[in-house]
Amino acid sequence: MAPGKRGAKRDGQVITDRRRAHPVRAACPGGALGHHRSMPTWIDTHCHLDAPEFAADREAVRARAARAGVAHCVLPAVAADHFEGIRRLAHATGDSYALGIHPLFTPSATEADLARLDQALGAHRDDPRLVAVGEIGLDHFVPGLDRGRQLFFYREQLRLARRHGLPVILHVRRSADDLLRELRRQ
């Protein structure tokens, strides 16, 4: 049977009229982006690799993830003091990063931190590794967190994301209705 006809094979892939072999995958040994027929490739869209508990073996943790098929990670910041460190770590590991103030860090956050976020987003707007504002959101699970304060920082960061043309990485715990209501208002 000729290529492209129902049941034809190329490189072990059955090609039908409805499903053609992906041109990049067919042309690249092992496929594009590290695709491998025996192991799926993963992207970790939310990896706090900068957390203190990984300090002792951060490189080994990332290497184990790579061996397990995690080709790429998005490293979200949680506080303004972490912005530069998360950026450097993403560049060192070949990953992407996001800058933002996590709802669990809003008790110690200030309006000056929002100004720092705005400045950092502007300063790194041409950095292809900067992919989002995050991790931001609302947490109604942890007792004692000031919901009004969280909401203030969430709203302001949504505005900054829109101003800088970036998507957001959201933290949502027992707060979906409030979080979505604010997204709709933006």
# chains A, B, ... in the order shown; residues from 1 in each chain; ligands from 1
call {"tool": "select_by_dssp", "arguments": {"residues": "stretch 93-146 of chain A", "states": "strand (DSSP E)", "output": "list in words"}}
result
Ser96, Tyr97, Ala98, Leu99, Leu130, Val131, Ala132, Val133, Gly134, Glu135, Ile136, Gly137, Leu138 and Asp139 of chain A
call {"tool": "residues_around", "arguments": {"residues": "A:Gln186", "least_positions_apart": "5", "cutoff": "9 Å", "atoms": "only C-alpha atoms", "output": "PDB file with N, CA, C and O atoms, in the first residue's frame"}}
result
ATOM      1  N   ARG A 155      -5.668  40.211  43.459  1.00  0.00           N
ATOM      2  CA  ARG A 155      -6.169  41.179  42.481  1.00  0.00           C
ATOM      3  C   ARG A 155      -5.049  41.997  41.851  1.00  0.00           C
ATOM      4  O   ARG A 155      -5.016  42.201  40.627  1.00  0.00           O
ATOM      5  N   LEU A 158      -3.071  39.886  39.432  1.00  0.00           N
ATOM      6  CA  LEU A 158      -3.812  39.686  38.183  1.00  0.00           C
ATOM      7  C   LEU A 158      -3.673  40.916  37.283  1.00  0.00           C
ATOM      8  O   LEU A 158      -3.485  40.790  36.068  1.00  0.00           O
ATOM      9  N   ARG A 159      -3.738  42.104  37.885  1.00  0.00           N
ATOM     10  CA  ARG A 159      -3.564  43.333  37.108  1.00  0.00           C
ATOM     11  C   ARG A 159      -2.166  43.415  36.495  1.00  0.00           C
ATOM     12  O   ARG A 159      -1.998  43.811  35.339  1.00  0.00           O
ATOM     13  N   ARG A 162      -1.882  41.030  33.540  1.00  0.00           N
ATOM     14  CA  ARG A 162      -2.530  41.599  32.349  1.00  0.00           C
ATOM     15  C   ARG A 162      -1.648  42.698  31.752  1.00  0.00           C
ATOM     16  O   ARG A 162      -1.436  42.753  30.546  1.00  0.00           O
TER      17      ARG A 162
END
call {"tool": "residues_around", "arguments": {"residues": "A:Phe153", "least_positions_apart": "3", "cutoff": "8 Å", "atoms": "only C-alpha atoms", "output": "list in words"}}
result
Ile101, Pro103, Thr106, Leu114, Arg149, Gln150, Glu156 and Gln157 of chain A
call {"tool": "residues_around", "arguments": {"residues": "A:Leu160", "least_positions_apart": "4", "cutoff": "9 Å", "atoms": "only C-alpha atoms", "output": "list in words"}}
result
Leu114, Leu117, Asp118, Leu121, Val133, Arg155, Glu156, His164, Gly165 and Leu166 of chain A
call {"tool": "residues_around", "arguments": {"residues": "stretch 168-181 of chain A", "least_positions_apart": "6", "cutoff": "6 Å", "atoms": "only C-alpha atoms", "output": "VMD selection string"}}
result
chain A and resid 132 to 141
call {"tool": "residues_around", "arguments": {"residues": "A:Arg88", "least_positions_apart": "5", "cutoff": "12 Å", "atoms": "only C-alpha atoms", "output": "PDB file with N, CA and C atoms, in the first residue's frame"}}
result
ATOM      1  N   LEU A  49      11.446  23.882  43.150  1.00  0.00           N
ATOM      2  CA  LEU A  49      12.803  23.351  43.273  1.00  0.00           C
ATOM      3  C   LEU A  49      13.701  24.242  44.123  1.00  0.00           C
ATOM      4  N   ASP A  50      13.305  25.487  44.298  1.00  0.00           N
ATOM      5  CA  ASP A  50      14.105  26.408  45.113  1.00  0.00           C
ATOM      6  C   ASP A  50      13.820  26.266  46.609  1.00  0.00           C
ATOM      7  N   LEU A  75       9.311  26.861  37.363  1.00  0.00           N
ATOM      8  CA  LEU A  75       9.640  27.132  38.757  1.00  0.00           C
ATOM      9  C   LEU A  75       8.957  28.425  39.190  1.00  0.00           C
ATOM     10  N   ALA A  77       7.954  31.436  41.750  1.00  0.00           N
ATOM     11  CA  ALA A  77       8.404  32.107  42.971  1.00  0.00           C
ATOM     12  C   ALA A  77       7.230  32.202  43.939  1.00  0.00           C
ATOM     13  N   HIS A  82      12.497  35.966  46.585  1.00  0.00           N
ATOM     14  CA  HIS A  82      12.896  34.781  45.826  1.00  0.00           C
ATOM     15  C   HIS A  82      13.035  35.047  44.335  1.00  0.00           C
ATOM     16  N   PHE A  83      12.624  36.224  43.871  1.00  0.00           N
ATOM     17  CA  PHE A  83      12.569  36.477  42.428  1.00  0.00           C
ATOM     18  C   PHE A  83      13.899  36.220  41.728  1.00  0.00           C
ATOM     19  N   THR A  93      19.254  25.455  35.269  1.00  0.00           N
ATOM     20  CA  THR A  93      18.705  24.126  34.984  1.00  0.00           C
ATOM     21  C   THR A  93      18.110  24.014  33.587  1.00  0.00           C
ATOM     22  N   GLY A  94      18.009  25.136  32.873  1.00  0.00           N
ATOM     23  CA  GLY A  94      17.397  25.112  31.548  1.00  0.00           C
ATOM     24  C   GLY A  94      15.880  25.074  31.597  1.00  0.00           C
ATOM     25  N   ASP A  95      15.307  25.479  32.725  1.00  0.00           N
ATOM     26  CA  ASP A  95      13.859  25.449  32.914  1.00  0.00           C
ATOM     27  C   ASP A  95      13.272  26.847  32.751  1.00  0.00           C
ATOM     28  N   SER A  96      11.981  26.976  33.005  1.00  0.00           N
ATOM     29  CA  SER A  96      11.277  28.260  32.956  1.00  0.00           C
ATOM     30  C   SER A  96      10.925  28.696  34.368  1.00  0.00           C
ATOM     31  N   TYR A  97      10.501  29.956  34.505  1.00  0.00           N
ATOM     32  CA  TYR A  97      10.151  30.453  35.833  1.00  0.00           C
ATOM     33  C   TYR A  97       8.973  31.414  35.761  1.00  0.00           C
ATOM     34  N   ALA A  98       8.355  31.600  36.923  1.00  0.00           N
ATOM     35  CA  ALA A  98       7.262  32.550  37.089  1.00  0.00           C
ATOM     36  C   ALA A  98       7.567  33.371  38.334  1.00  0.00           C
ATOM     37  N   HIS A 124      12.601  41.742  32.996  1.00  0.00           N
ATOM     38  CA  HIS A 124      12.863  40.435  32.379  1.00  0.00           C
ATOM     39  C   HIS A 124      11.859  40.080  31.287  1.00  0.00           C
ATOM     40  N   ASP A 127      13.087  37.925  28.562  1.00  0.00           N
ATOM     41  CA  ASP A 127      13.677  36.649  28.957  1.00  0.00           C
ATOM     42  C   ASP A 127      12.710  35.530  28.563  1.00  0.00           C
ATOM     43  N   ARG A 129      12.623  32.598  29.340  1.00  0.00           N
ATOM     44  CA  ARG A 129      12.355  31.657  30.437  1.00  0.00           C
ATOM     45  C   ARG A 129      11.286  32.170  31.406  1.00  0.00           C
ATOM     46  N   LEU A 130      10.984  33.455  31.367  1.00  0.00           N
ATOM     47  CA  LEU A 130       9.901  34.012  32.181  1.00  0.00           C
ATOM     48  C   LEU A 130       8.591  33.737  31.455  1.00  0.00           C
TER      49      LEU A 130
END
call {"tool": "atom_distance", "arguments": {"atom1": "atom CA of A:Val131", "atom2": "atom CA of A:Pro76"}}
result
9.5 Å
call {"tool": "closest_residue", "arguments": {"among": "A:His48, A:Arg185, A:Arg116, A:Arg58", "to": "A:Cys73", "atoms": "only C-alpha atoms"}}
result
A:His48
call {"tool": "select_by_dssp", "arguments": {"residues": "stretch 68-153 of chain A", "states": "helix (DSSP H, G or I)", "output": "MDAnalysis selection string"}}
result
chainID A and resid 80:93 103:105 111:123 147:153
call {"tool": "write_last_selection", "arguments": {"atoms": "N, CA and C atoms", "output": "mmCIF file, in the first residue's frame"}}
result
data_model
loop_
_atom_site.group_PDB
_atom_site.id
_atom_site.type_symbol
_atom_site.label_atom_id
_atom_site.label_comp_id
_atom_site.auth_asym_id
_atom_site.auth_seq_id
_atom_site.Cartn_x
_atom_site.Cartn_y
_atom_site.Cartn_z
ATOM 1 N N ALA A 80 8.757 37.969 47.007
ATOM 2 C CA ALA A 80 9.618 38.906 46.279
ATOM 3 C C ALA A 80 11.104 38.638 46.522
ATOM 4 N N ASP A 81 11.447 38.218 47.715
ATOM 5 C CA ASP A 81 12.855 37.920 48.006
ATOM 6 C C ASP A 81 13.377 36.727 47.212
ATOM 7 N N HIS A 82 12.497 35.966 46.585
ATOM 8 C CA HIS A 82 12.896 34.781 45.826
ATOM 9 C C HIS A 82 13.035 35.047 44.335
ATOM 10 N N PHE A 83 12.624 36.224 43.871
ATOM 11 C CA PHE A 83 12.569 36.477 42.428
ATOM 12 C C PHE A 83 13.899 36.220 41.728
ATOM 13 N N GLU A 84 14.960 36.816 42.206
ATOM 14 C CA GLU A 84 16.250 36.670 41.524
ATOM 15 C C GLU A 84 16.787 35.245 41.627
ATOM 16 N N GLY A 85 16.615 34.626 42.769
ATOM 17 C CA GLY A 85 17.091 33.250 42.939
ATOM 18 C C GLY A 85 16.371 32.275 42.026
ATOM 19 N N ILE A 86 15.068 32.439 41.884
ATOM 20 C CA ILE A 86 14.303 31.536 41.022
ATOM 21 C C ILE A 86 14.685 31.755 39.562
ATOM 22 N N ARG A 87 14.950 33.002 39.190
ATOM 23 C CA ARG A 87 15.379 33.292 37.817
ATOM 24 C C ARG A 87 16.726 32.629 37.531
ATOM 25 N N ARG A 88 17.668 32.791 38.445
ATOM 26 C CA ARG A 88 18.992 32.176 38.255
ATOM 27 C C ARG A 88 18.897 30.653 38.207
ATOM 28 N N LEU A 89 18.084 30.071 39.084
ATOM 29 C CA LEU A 89 17.932 28.618 39.102
ATOM 30 C C LEU A 89 17.347 28.119 37.782
ATOM 31 N N ALA A 90 16.339 28.790 37.259
ATOM 32 C CA ALA A 90 15.743 28.379 35.984
ATOM 33 C C ALA A 90 16.776 28.427 34.864
ATOM 34 N N HIS A 91 17.604 29.457 34.861
ATOM 35 C CA HIS A 91 18.650 29.539 33.831
ATOM 36 C C HIS A 91 19.691 28.443 34.013
ATOM 37 N N ALA A 92 20.029 28.138 35.238
ATOM 38 C CA ALA A 92 21.041 27.103 35.500
ATOM 39 C C ALA A 92 20.547 25.713 35.110
ATOM 40 N N THR A 93 19.254 25.455 35.269
ATOM 41 C CA THR A 93 18.705 24.126 34.984
ATOM 42 C C THR A 93 18.110 24.014 33.587
ATOM 43 N N PRO A 103 -0.155 33.039 48.133
ATOM 44 C CA PRO A 103 -1.078 33.466 49.194
ATOM 45 C C PRO A 103 -0.591 33.151 50.613
ATOM 46 N N LEU A 104 0.185 32.086 50.788
ATOM 47 C CA LEU A 104 0.700 31.770 52.124
ATOM 48 C C LEU A 104 1.779 32.750 52.566
ATOM 49 N N PHE A 105 2.301 33.541 51.627
ATOM 50 C CA PHE A 105 3.336 34.521 51.937
ATOM 51 C C PHE A 105 2.770 35.946 52.038
ATOM 52 N N GLU A 111 3.133 46.230 49.953
ATOM 53 C CA GLU A 111 2.863 46.850 48.650
ATOM 54 C C GLU A 111 4.165 47.101 47.894
ATOM 55 N N ALA A 112 5.255 47.285 48.613
ATOM 56 C CA ALA A 112 6.563 47.440 47.961
ATOM 57 C C ALA A 112 6.945 46.161 47.213
ATOM 58 N N ASP A 113 6.495 45.015 47.713
ATOM 59 C CA ASP A 113 6.763 43.756 47.008
ATOM 60 C C ASP A 113 6.029 43.716 45.674
ATOM 61 N N LEU A 114 4.844 44.300 45.623
ATOM 62 C CA LEU A 114 4.124 44.393 44.344
ATOM 63 C C LEU A 114 4.883 45.286 43.364
ATOM 64 N N ALA A 115 5.465 46.366 43.873
ATOM 65 C CA ALA A 115 6.285 47.235 43.029
ATOM 66 C C ALA A 115 7.524 46.481 42.539
ATOM 67 N N ARG A 116 8.118 45.668 43.406
ATOM 68 C CA ARG A 116 9.271 44.848 42.999
ATOM 69 C C ARG A 116 8.863 43.847 41.922
ATOM 70 N N LEU A 117 7.678 43.272 42.070
ATOM 71 C CA LEU A 117 7.185 42.329 41.065
ATOM 72 C C LEU A 117 6.995 43.042 39.726
ATOM 73 N N ASP A 118 6.368 44.194 39.753
ATOM 74 C CA ASP A 118 6.164 44.972 38.529
ATOM 75 C C ASP A 118 7.509 45.291 37.877
ATOM 76 N N GLN A 119 8.459 45.713 38.670
ATOM 77 C CA GLN A 119 9.796 46.045 38.148
ATOM 78 C C GLN A 119 10.475 44.813 37.560
ATOM 79 N N ALA A 120 10.403 43.684 38.261
ATOM 80 C CA ALA A 120 11.057 42.458 37.785
ATOM 81 C C ALA A 120 10.411 41.956 36.491
ATOM 82 N N LEU A 121 9.083 42.020 36.407
ATOM 83 C CA LEU A 121 8.400 41.593 35.181
ATOM 84 C C LEU A 121 8.812 42.467 33.997
ATOM 85 N N GLY A 122 8.959 43.760 34.246
ATOM 86 C CA GLY A 122 9.408 44.656 33.183
ATOM 87 C C GLY A 122 10.859 44.426 32.803
ATOM 88 N N ALA A 123 11.700 44.249 33.813
ATOM 89 C CA ALA A 123 13.136 44.063 33.559
ATOM 90 C C ALA A 123 13.428 42.775 32.794
ATOM 91 N N ARG A 147 -8.111 36.622 54.651
ATOM 92 C CA ARG A 147 -8.671 36.467 53.299
ATOM 93 C C ARG A 147 -8.690 37.785 52.538
ATOM 94 N N GLY A 148 -8.956 38.882 53.233
ATOM 95 C CA GLY A 148 -8.957 40.192 52.576
ATOM 96 C C GLY A 148 -7.580 40.552 52.066
ATOM 97 N N ARG A 149 -6.560 40.245 52.829
ATOM 98 C CA ARG A 149 -5.169 40.527 52.416
ATOM 99 C C ARG A 149 -4.781 39.658 51.217
ATOM 100 N N GLN A 150 -5.152 38.385 51.266
ATOM 101 C CA GLN A 150 -4.893 37.504 50.128
ATOM 102 C C GLN A 150 -5.571 38.040 48.866
ATOM 103 N N LEU A 151 -6.821 38.453 49.025
ATOM 104 C CA LEU A 151 -7.584 38.952 47.896
ATOM 105 C C LEU A 151 -6.935 40.203 47.296
ATOM 106 N N PHE A 152 -6.451 41.097 48.149
ATOM 107 C CA PHE A 152 -5.762 42.296 47.671
ATOM 108 C C PHE A 152 -4.554 41.918 46.805
ATOM 109 N N PHE A 153 -3.697 41.021 47.317
ATOM 110 C CA PHE A 153 -2.499 40.641 46.564
ATOM 111 C C PHE A 153 -2.857 39.864 45.303
#
call {"tool": "atom_distance", "arguments": {"atom1": "atom CA of A:Ala79", "atom2": "atom CA of A:Tyr154"}}
result
12.9 Å
call {"tool": "residues_around", "arguments": {"residues": "A:Asp44", "least_positions_apart": "6", "cutoff": "7 Å", "atoms": "only C-alpha atoms", "output": "PDB file with C-alpha atoms, in the first residue's frame"}}
result
ATOM      1  CA  VAL A  70      10.604  15.279  33.120  1.00  0.00           C
ATOM      2  CA  HIS A  72      11.136  20.726  31.584  1.00  0.00           C
ATOM      3  CA  CYS A  73       9.976  22.429  34.796  1.00  0.00           C
ATOM      4  CA  VAL A  74       8.257  25.721  35.507  1.00  0.00           C
TER       5      VAL A  74
END
call {"tool": "atom_distance", "arguments": {"atom1": "atom CA of A:Ser108", "atom2": "atom CA of A:Ala161"}}
result
21.2 Å
call {"tool": "decode", "arguments": {"residues": "stretch 133-147 of chain A", "atoms": "all heavy atoms", "output": "PDB file, in the first residue's frame"}}
result
ATOM      1  N   VAL A 133       3.058  34.858  35.721  1.00  0.00           N
ATOM      2  CA  VAL A 133       3.031  35.460  37.048  1.00  0.00           C
ATOM      3  C   VAL A 133       2.516  34.368  37.976  1.00  0.00           C
ATOM      4  O   VAL A 133       1.452  33.793  37.748  1.00  0.00           O
ATOM      5  CB  VAL A 133       2.114  36.704  37.085  1.00  0.00           C
ATOM      6  CG1 VAL A 133       1.954  37.213  38.511  1.00  0.00           C
ATOM      7  CG2 VAL A 133       2.678  37.795  36.183  1.00  0.00           C
ATOM      8  N   GLY A 134       3.277  34.052  38.991  1.00  0.00           N
ATOM      9  CA  GLY A 134       2.845  32.983  39.890  1.00  0.00           C
ATOM     10  C   GLY A 134       3.930  32.577  40.855  1.00  0.00           C
ATOM     11  O   GLY A 134       5.095  32.932  40.686  1.00  0.00           O
ATOM     12  N   GLU A 135       3.567  32.029  41.782  1.00  0.00           N
ATOM     13  CA  GLU A 135       2.296  31.392  42.056  1.00  0.00           C
ATOM     14  C   GLU A 135       1.441  32.347  42.876  1.00  0.00           C
ATOM     15  O   GLU A 135       1.851  32.802  43.938  1.00  0.00           O
ATOM     16  CB  GLU A 135       2.551  30.088  42.820  1.00  0.00           C
ATOM     17  CG  GLU A 135       1.338  29.369  43.296  1.00  0.00           C
ATOM     18  CD  GLU A 135       1.667  28.093  44.066  1.00  0.00           C
ATOM     19  OE1 GLU A 135       2.839  27.767  44.243  1.00  0.00           O
ATOM     20  OE2 GLU A 135       0.711  27.439  44.488  1.00  0.00           O
ATOM     21  N   ILE A 136       0.278  32.631  42.356  1.00  0.00           N
ATOM     22  CA  ILE A 136      -0.635  33.552  43.028  1.00  0.00           C
ATOM     23  C   ILE A 136      -1.963  32.850  43.261  1.00  0.00           C
ATOM     24  O   ILE A 136      -2.217  31.785  42.706  1.00  0.00           O
ATOM     25  CB  ILE A 136      -0.837  34.839  42.209  1.00  0.00           C
ATOM     26  CG1 ILE A 136      -1.626  34.576  40.928  1.00  0.00           C
ATOM     27  CG2 ILE A 136       0.511  35.475  41.878  1.00  0.00           C
ATOM     28  CD1 ILE A 136      -2.027  35.824  40.164  1.00  0.00           C
ATOM     29  N   GLY A 137      -2.817  33.440  44.083  1.00  0.00           N
ATOM     30  CA  GLY A 137      -4.138  32.859  44.261  1.00  0.00           C
ATOM     31  C   GLY A 137      -4.717  33.107  45.633  1.00  0.00           C
ATOM     32  O   GLY A 137      -4.376  34.084  46.313  1.00  0.00           O
ATOM     33  N   LEU A 138      -5.590  32.183  46.031  1.00  0.00           N
ATOM     34  CA  LEU A 138      -6.278  32.274  47.311  1.00  0.00           C
ATOM     35  C   LEU A 138      -6.220  30.926  48.007  1.00  0.00           C
ATOM     36  O   LEU A 138      -6.399  29.881  47.379  1.00  0.00           O
ATOM     37  CB  LEU A 138      -7.745  32.676  47.102  1.00  0.00           C
ATOM     38  CG  LEU A 138      -7.998  34.006  46.406  1.00  0.00           C
ATOM     39  CD1 LEU A 138      -9.486  34.168  46.100  1.00  0.00           C
ATOM     40  CD2 LEU A 138      -7.491  35.161  47.261  1.00  0.00           C
ATOM     41  N   ASP A 139      -5.979  30.960  49.319  1.00  0.00           N
ATOM     42  CA  ASP A 139      -5.948  29.741  50.123  1.00  0.00           C
ATOM     43  C   ASP A 139      -6.912  29.900  51.286  1.00  0.00           C
ATOM     44  O   ASP A 139      -6.658  30.672  52.203  1.00  0.00           O
ATOM     45  CB  ASP A 139      -4.528  29.479  50.637  1.00  0.00           C
ATOM     46  CG  ASP A 139      -4.380  28.089  51.223  1.00  0.00           C
ATOM     47  OD1 ASP A 139      -5.195  27.729  52.101  1.00  0.00           O
ATOM     48  OD2 ASP A 139      -3.458  27.378  50.814  1.00  0.00           O
ATOM     49  N   HIS A 140      -8.028  29.176  51.225  1.00  0.00           N
ATOM     50  CA  HIS A 140      -9.012  29.212  52.299  1.00  0.00           C
ATOM     51  C   HIS A 140      -8.945  27.946  53.149  1.00  0.00           C
ATOM     52  O   HIS A 140      -9.848  27.670  53.932  1.00  0.00           O
ATOM     53  CB  HIS A 140     -10.413  29.399  51.737  1.00  0.00           C
ATOM     54  CG  HIS A 140     -10.612  30.728  51.085  1.00  0.00           C
ATOM     55  ND1 HIS A 140     -11.755  31.058  50.412  1.00  0.00           N
ATOM     56  CD2 HIS A 140      -9.815  31.825  50.991  1.00  0.00           C
ATOM     57  CE1 HIS A 140     -11.660  32.287  49.938  1.00  0.00           C
ATOM     58  NE2 HIS A 140     -10.484  32.762  50.272  1.00  0.00           N
ATOM     59  N   PHE A 141      -7.878  27.181  52.981  1.00  0.00           N
ATOM     60  CA  PHE A 141      -7.692  25.946  53.747  1.00  0.00           C
ATOM     61  C   PHE A 141      -6.917  26.195  55.038  1.00  0.00           C
ATOM     62  O   PHE A 141      -7.272  25.683  56.090  1.00  0.00           O
ATOM     63  CB  PHE A 141      -6.964  24.909  52.878  1.00  0.00           C
ATOM     64  CG  PHE A 141      -6.650  23.633  53.600  1.00  0.00           C
ATOM     65  CD1 PHE A 141      -7.652  22.709  53.854  1.00  0.00           C
ATOM     66  CD2 PHE A 141      -5.355  23.350  54.022  1.00  0.00           C
ATOM     67  CE1 PHE A 141      -7.371  21.529  54.526  1.00  0.00           C
ATOM     68  CE2 PHE A 141      -5.067  22.183  54.692  1.00  0.00           C
ATOM     69  CZ  PHE A 141      -6.070  21.268  54.942  1.00  0.00           C
ATOM     70  N   VAL A 142      -5.854  26.975  54.959  1.00  0.00           N
ATOM     71  CA  VAL A 142      -4.991  27.217  56.114  1.00  0.00           C
ATOM     72  C   VAL A 142      -5.700  28.185  57.066  1.00  0.00           C
ATOM     73  O   VAL A 142      -6.040  29.306  56.677  1.00  0.00           O
ATOM     74  CB  VAL A 142      -3.621  27.788  55.683  1.00  0.00           C
ATOM     75  CG1 VAL A 142      -2.777  28.140  56.894  1.00  0.00           C
ATOM     76  CG2 VAL A 142      -2.897  26.794  54.789  1.00  0.00           C
ATOM     77  N   PRO A 143      -5.910  27.775  58.322  1.00  0.00           N
ATOM     78  CA  PRO A 143      -6.590  28.663  59.268  1.00  0.00           C
ATOM     79  C   PRO A 143      -5.727  29.876  59.626  1.00  0.00           C
ATOM     80  O   PRO A 143      -4.507  29.805  59.659  1.00  0.00           O
ATOM     81  CB  PRO A 143      -6.828  27.784  60.500  1.00  0.00           C
ATOM     82  CG  PRO A 143      -6.050  26.535  60.300  1.00  0.00           C
ATOM     83  CD  PRO A 143      -5.573  26.485  58.893  1.00  0.00           C
ATOM     84  N   GLY A 144      -6.421  30.982  59.848  1.00  0.00           N
ATOM     85  CA  GLY A 144      -5.737  32.174  60.326  1.00  0.00           C
ATOM     86  C   GLY A 144      -5.208  33.104  59.255  1.00  0.00           C
ATOM     87  O   GLY A 144      -4.702  34.179  59.573  1.00  0.00           O
ATOM     88  N   LEU A 145      -5.286  32.725  57.995  1.00  0.00           N
ATOM     89  CA  LEU A 145      -4.828  33.620  56.929  1.00  0.00           C
ATOM     90  C   LEU A 145      -5.898  34.678  56.680  1.00  0.00           C
ATOM     91  O   LEU A 145      -7.086  34.379  56.627  1.00  0.00           O
ATOM     92  CB  LEU A 145      -4.562  32.850  55.635  1.00  0.00           C
ATOM     93  CG  LEU A 145      -3.321  31.983  55.590  1.00  0.00           C
ATOM     94  CD1 LEU A 145      -3.251  31.241  54.258  1.00  0.00           C
ATOM     95  CD2 LEU A 145      -2.071  32.804  55.794  1.00  0.00           C
ATOM     96  N   ASP A 146      -5.454  35.904  56.511  1.00  0.00           N
ATOM     97  CA  ASP A 146      -6.353  37.030  56.275  1.00  0.00           C
ATOM     98  C   ASP A 146      -6.848  36.970  54.823  1.00  0.00           C
ATOM     99  O   ASP A 146      -6.091  37.237  53.885  1.00  0.00           O
ATOM    100  CB  ASP A 146      -5.594  38.333  56.547  1.00  0.00           C
ATOM    101  CG  ASP A 146      -6.430  39.571  56.384  1.00  0.00           C
ATOM    102  OD1 ASP A 146      -7.424  39.554  55.635  1.00  0.00           O
ATOM    103  OD2 ASP A 146      -6.077  40.585  57.018  1.00  0.00           O
ATOM    104  N   ARG A 147      -8.111  36.622  54.651  1.00  0.00           N
ATOM    105  CA  ARG A 147      -8.671  36.467  53.299  1.00  0.00           C
ATOM    106  C   ARG A 147      -8.690  37.785  52.538  1.00  0.00           C
ATOM    107  O   ARG A 147      -8.457  37.809  51.330  1.00  0.00           O
ATOM    108  CB  ARG A 147     -10.075  35.869  53.373  1.00  0.00           C
ATOM    109  CG  ARG A 147     -10.058  34.418  53.785  1.00  0.00           C
ATOM    110  CD  ARG A 147     -11.437  33.810  53.748  1.00  0.00           C
ATOM    111  NE  ARG A 147     -11.379  32.416  54.177  1.00  0.00           N
ATOM    112  CZ  ARG A 147     -12.354  31.567  54.035  1.00  0.00           C
ATOM    113  NH1 ARG A 147     -13.494  31.947  53.489  1.00  0.00           N
ATOM    114  NH2 ARG A 147     -12.212  30.331  54.456  1.00  0.00           N
TER     115      ARG A 147
END
